[in-house]
Amino acid sequence: MLGVCTALELVRRGESVSLIEGSSELMQGASRWNEGKIHLGYLYAADTELGTAERLIPGALAFSRLVERHIGRALDEFCTIDDNFMLHRRSVVDLESFTAYAGRVAQLASGMAARSGETYLSDLSPGVVRRLSPSELAQVSCSDEVVAGFRVNEVSVSTVPIADLLVEAVRAEPRIDVHVDTWVESVRRLDGDRMEIRARSASGDELGPFDFVVNALWEGRPAVDATLGIVPDAPWSHRFRAAVFGRGDASQLPSAVLVTGPFGDVKRYRDGRVYLSWYPVGLLAEGHEIEPPRECAILSPERNARIQSEVLAALTGYFPAVAGVATNPSLEVHGGWVYAIGQGSLADRASTLHRRDRFVMSVDRGYISVDTAKYSIAPWLAERTARLIVGR
């Protein structure tokens with residue numbers, strides 16, 4: 001998402017770009033296969049200082065403007081409807097704390113939107129956020145493990161069609177030279193501070209020289225940075241997360257996320273697609289070395305079948321309507337690597353993964369490495385990266 005949007009931002013400013021992709025096609029990892037939360041910060045209730053919300057909201061506010069400009073159509077048809085945040089009995093925050101936190105986030109998002117002039121994908125009036133009544137709660141979840149529910153103004157988007165449209169936009173742009181099946185291994189400086197990329201591909205081992213190199217990887221970004229002596233300044237995590245994706249008649253499904261901890265999501269988008277995840281099942285691999293443990297994240301047919309069965313079973317215990325899509329033949333398991341500054345278990349309130357405000361952009365002359373941090377802020381970071389390179 002970050003690399004594609006950066007390339008599109010740069011050609012809008014008159015630049016020519018080489019876009020290098022390790023897979024056989026663009027956007028085949030976590031940028032395609034995720035729940036598409038356009039984060040306002042409600043998920044990070046353990047960050048009582050609101051640092052995460054303050055850093056994520058600007059990207060959320062800019063998301064629709066930037067993506068719609070790239071794909072040439074509105075995002076309304078890809079959004080969820082009536083998103084609910086359901087407080088789990090084993091949440092790392094209690095009901096009083098979450099209620100207060102949600103109110104503060106609603107006020108913060110409304111104020112930041114007013115000051116920026118940006119338009120979010122839903123109404124950011126603070127009064128829209130409210131606790132569900134007992135009858136409303138019962139309509140969403142039947143589980144005694146859910147102690148309260150909140151209707152929030154944060155939405156999610158259907159990532160698969162958005163990925164397809166962004167790839168189409170790249171392929172239609174003659175000033176973007178796309179290299180697929182090209183695995184970047186290192187970057188080295190040449191005389192005059194231009195740079196050359198060494199990669200594994202069928203067409204050759206070297207690309208360049210380039211005036212600027214943007215490392216927009218989500219999988220393996222620190223390893224490429226390390227070839228220029230750049231290392232993260234805090235403990236980090238590589239995590240491979242898988243979930244269930246599908247489409248079809250799911251009109252009875254709610255859009256809901258269980259918070260705050262290692263729980264799950266159900267998403268129903270206006271385009272007819274659905275997303276189902278249960279964190280303990282979908283977290284297939286986690287590592288803290290410079291390279292992610294790829295050998296632990298292979299999605300075999302047998303593994304996919306197990307993940308799908310266990311995710312549906314877990315979610316049906318909270319949202320009975322999930323049982324209605326269990327036999328849908330369109331259901332598939334997919335996933336991708338995400339990188340984050342932070343470590344620990346989401347079941348532990350002290351885990352640094354409950355804060356996502358430490359993402360950085362490292363600049364070393366013409367080399368720019370960008371921590372995407374979240375899908376929702378990638379277009380905003382791409383615009384900032386393009387401005388850094390071109391100056392406008």
# chains A, B, ... in the order shown; residues from 1 in each chain; ligands from 1
>>> residues_around(residues="Leu346 in chain A", least_positions_apart="6", cutoff="10 Å", atoms="only C-alpha atoms", output="ChimeraX atom specification")
/A:91-92,260-263,279,352-354
>>> select_by_dssp(residues="range 28-243 of chain A", states="strand (DSSP E or B)", output="MDAnalysis selection string")
chainID A and resid 37 79:80 83:88 130:131 146:151 156:157 176:179 183:189 195:200 206:210 213:215 236:243
>>> write_last_selection(atoms="N, CA and C atoms", output="compact mmCIF listing (two decimals), in the first residue's frame")
# COMPACT_ATOMS: atom_id res chain seq x y z
N LYS A 37 -9.27 -1.49 8.78
CA LYS A 37 -9.67 -0.47 9.76
C LYS A 37 -9.03 0.87 9.41
N CYS A 79 -17.17 0.53 2.25
CA CYS A 79 -17.11 0.73 3.70
C CYS A 79 -18.01 -0.25 4.46
N THR A 80 -17.72 -0.41 5.74
CA THR A 80 -18.62 -1.13 6.62
C THR A 80 -19.76 -0.21 7.07
N ASP A 83 -20.35 0.13 12.68
CA ASP A 83 -19.30 -0.61 13.38
C ASP A 83 -19.53 -0.57 14.88
N ASN A 84 -19.36 -1.72 15.50
CA ASN A 84 -19.57 -1.87 16.94
C ASN A 84 -18.29 -2.33 17.61
N PHE A 85 -17.97 -1.72 18.72
CA PHE A 85 -16.84 -2.16 19.53
C PHE A 85 -17.42 -2.85 20.76
N MET A 86 -17.11 -4.12 20.92
CA MET A 86 -17.69 -4.95 21.97
C MET A 86 -16.62 -5.21 23.03
N LEU A 87 -16.89 -4.80 24.25
CA LEU A 87 -15.91 -4.92 25.32
C LEU A 87 -15.94 -6.33 25.89
N HIS A 88 -14.82 -7.02 25.77
CA HIS A 88 -14.70 -8.40 26.25
C HIS A 88 -14.47 -8.43 27.75
N ARG A 130 -21.75 6.06 21.13
CA ARG A 130 -22.62 5.84 22.29
C ARG A 130 -22.58 4.37 22.69
N ARG A 131 -22.96 4.13 23.94
CA ARG A 131 -23.06 2.76 24.42
C ARG A 131 -24.36 2.13 23.93
N VAL A 146 -19.17 -10.81 26.60
CA VAL A 146 -19.24 -9.41 26.16
C VAL A 146 -19.99 -8.62 27.23
N VAL A 147 -19.32 -7.67 27.85
CA VAL A 147 -19.92 -6.94 28.97
C VAL A 147 -20.58 -5.63 28.54
N ALA A 148 -20.24 -5.15 27.37
CA ALA A 148 -20.85 -3.89 26.87
C ALA A 148 -20.52 -3.75 25.40
N GLY A 149 -21.31 -2.93 24.73
CA GLY A 149 -21.06 -2.64 23.32
C GLY A 149 -21.16 -1.15 23.07
N PHE A 150 -20.43 -0.68 22.07
CA PHE A 150 -20.42 0.74 21.73
C PHE A 150 -20.55 0.88 20.22
N ARG A 151 -21.43 1.76 19.80
CA ARG A 151 -21.51 2.15 18.39
C ARG A 151 -20.51 3.28 18.19
N SER A 156 -14.32 0.57 8.54
CA SER A 156 -13.31 -0.21 7.84
C SER A 156 -13.66 -0.24 6.36
N VAL A 157 -12.66 -0.55 5.53
CA VAL A 157 -12.89 -0.62 4.09
C VAL A 157 -12.50 -1.99 3.58
N ILE A 176 5.57 4.74 -14.41
CA ILE A 176 5.93 3.79 -13.35
C ILE A 176 6.41 2.51 -14.01
N ASP A 177 7.68 2.20 -13.82
CA ASP A 177 8.30 0.99 -14.35
C ASP A 177 8.23 -0.09 -13.28
N VAL A 178 7.35 -1.08 -13.47
CA VAL A 178 7.09 -2.09 -12.45
C VAL A 178 8.00 -3.30 -12.65
N HIS A 179 8.67 -3.69 -11.59
CA HIS A 179 9.51 -4.90 -11.59
C HIS A 179 8.90 -5.88 -10.59
N TRP A 183 13.24 -9.64 -5.76
CA TRP A 183 13.40 -9.63 -4.31
C TRP A 183 14.61 -8.77 -3.94
N VAL A 184 14.36 -7.64 -3.30
CA VAL A 184 15.44 -6.71 -2.94
C VAL A 184 16.24 -7.30 -1.78
N GLU A 185 17.56 -7.35 -1.97
CA GLU A 185 18.45 -7.88 -0.93
C GLU A 185 19.27 -6.80 -0.25
N SER A 186 19.66 -5.75 -1.00
CA SER A 186 20.50 -4.72 -0.39
C SER A 186 20.46 -3.45 -1.24
N VAL A 187 20.92 -2.37 -0.61
CA VAL A 187 21.10 -1.08 -1.28
C VAL A 187 22.53 -0.64 -1.02
N ARG A 188 23.21 -0.14 -2.03
CA ARG A 188 24.57 0.37 -1.82
C ARG A 188 24.71 1.71 -2.50
N ARG A 189 25.56 2.54 -1.90
CA ARG A 189 25.79 3.88 -2.44
C ARG A 189 26.88 3.85 -3.48
N MET A 195 22.30 5.65 -5.73
CA MET A 195 22.20 4.34 -5.10
C MET A 195 21.84 3.27 -6.12
N GLU A 196 22.29 2.07 -5.81
CA GLU A 196 22.02 0.90 -6.63
C GLU A 196 21.37 -0.16 -5.74
N ILE A 197 20.40 -0.85 -6.31
CA ILE A 197 19.70 -1.91 -5.59
C ILE A 197 20.14 -3.26 -6.12
N ARG A 198 20.52 -4.13 -5.22
CA ARG A 198 20.83 -5.51 -5.58
C ARG A 198 19.62 -6.36 -5.23
N ALA A 199 19.21 -7.18 -6.19
CA ALA A 199 18.00 -7.97 -6.03
C ALA A 199 18.14 -9.31 -6.73
N ARG A 200 17.30 -10.24 -6.33
CA ARG A 200 17.20 -11.52 -7.01
C ARG A 200 16.02 -11.46 -7.96
N GLU A 206 21.00 -6.24 -10.54
CA GLU A 206 21.20 -4.86 -10.14
C GLU A 206 20.20 -3.94 -10.81
N LEU A 207 19.70 -2.98 -10.05
CA LEU A 207 18.79 -1.97 -10.57
C LEU A 207 19.32 -0.60 -10.17
N GLY A 208 19.18 0.36 -11.05
CA GLY A 208 19.64 1.70 -10.76
C GLY A 208 20.55 2.21 -11.86
N PRO A 209 21.27 3.29 -11.59
CA PRO A 209 21.32 4.01 -10.31
C PRO A 209 20.08 4.91 -10.11
N PHE A 210 19.80 5.19 -8.82
CA PHE A 210 18.65 6.00 -8.44
C PHE A 210 19.11 7.19 -7.61
N VAL A 213 15.87 6.30 -3.05
CA VAL A 213 15.32 4.96 -2.82
C VAL A 213 14.40 5.05 -1.61
N VAL A 214 13.15 4.62 -1.78
CA VAL A 214 12.19 4.56 -0.68
C VAL A 214 11.97 3.10 -0.32
N ASN A 215 12.31 2.73 0.90
CA ASN A 215 12.04 1.39 1.39
C ASN A 215 10.64 1.39 1.99
N TRP A 236 11.20 -4.64 18.21
CA TRP A 236 10.18 -4.72 17.18
C TRP A 236 9.63 -6.13 17.08
N SER A 237 8.56 -6.27 16.28
CA SER A 237 7.94 -7.56 16.03
C SER A 237 7.57 -7.69 14.57
N HIS A 238 7.84 -8.87 14.02
CA HIS A 238 7.24 -9.30 12.75
C HIS A 238 6.14 -10.29 13.10
N ARG A 239 4.94 -10.06 12.59
CA ARG A 239 3.85 -10.99 12.85
C ARG A 239 3.13 -11.33 11.55
N PHE A 240 2.89 -12.63 11.35
CA PHE A 240 2.10 -13.06 10.20
C PHE A 240 0.70 -13.39 10.69
N ARG A 241 -0.27 -12.66 10.17
CA ARG A 241 -1.66 -12.84 10.58
C ARG A 241 -2.50 -13.30 9.41
N ALA A 242 -3.28 -14.35 9.63
CA ALA A 242 -4.19 -14.87 8.61
C ALA A 242 -5.63 -14.69 9.07
N ALA A 243 -6.53 -14.56 8.12
CA ALA A 243 -7.95 -14.39 8.42
C ALA A 243 -8.76 -15.01 7.29
>>> closest_residue(among="A:Ile290, A:Ala106, A:Ile389, A:Leu217", to="Ile20 in chain A", atoms="only C-alpha atoms")
A:Leu217
>>> select_by_dssp(residues="range 160-376 of chain A", states="alpha helix (DSSP H)", output="compact mmCIF listing (two decimals) with C-alpha atoms, in the first residue's frame")
# COMPACT_ATOMS: atom_id res chain seq x y z
CA VAL A 160 -9.30 -6.52 -1.80
CA PRO A 161 -11.11 -4.35 -4.40
CA ILE A 162 -9.17 -1.29 -3.27
CA ALA A 163 -5.93 -3.19 -3.89
CA ASP A 164 -7.16 -4.19 -7.35
CA LEU A 165 -8.03 -0.59 -8.23
CA LEU A 166 -4.69 0.75 -6.99
CA VAL A 167 -2.83 -1.85 -9.04
CA GLU A 168 -4.87 -0.84 -12.09
CA ALA A 169 -3.89 2.79 -11.49
CA VAL A 170 -0.21 1.84 -11.36
CA ARG A 171 -0.41 -0.32 -14.47
CA ARG A 221 12.10 -3.71 5.68
CA PRO A 222 14.66 -3.78 8.57
CA ALA A 223 16.82 -6.30 6.71
CA VAL A 224 17.20 -3.96 3.72
CA ASP A 225 17.80 -1.00 6.05
CA ALA A 226 20.58 -2.97 7.76
CA TYR A 279 -6.37 -13.52 16.74
CA PRO A 280 -5.26 -16.66 18.66
CA VAL A 281 -5.94 -18.76 15.55
CA GLY A 282 -4.73 -16.33 12.90
CA PRO A 301 -4.40 -26.31 2.20
CA GLU A 302 -4.60 -28.32 5.42
CA ARG A 303 -3.60 -25.36 7.53
CA ASN A 304 -6.08 -23.11 5.73
CA ALA A 305 -8.92 -25.55 6.40
CA ARG A 306 -8.05 -25.68 10.09
CA ILE A 307 -7.81 -21.88 10.38
CA GLN A 308 -11.14 -21.38 8.65
CA SER A 309 -12.90 -23.94 10.83
CA GLU A 310 -11.47 -22.63 14.09
CA VAL A 311 -12.05 -18.96 13.27
CA LEU A 312 -15.70 -19.60 12.38
CA ALA A 313 -16.24 -21.69 15.49
CA ALA A 314 -14.71 -19.09 17.79
CA LEU A 315 -16.64 -16.18 16.30
CA THR A 316 -19.96 -18.04 16.22
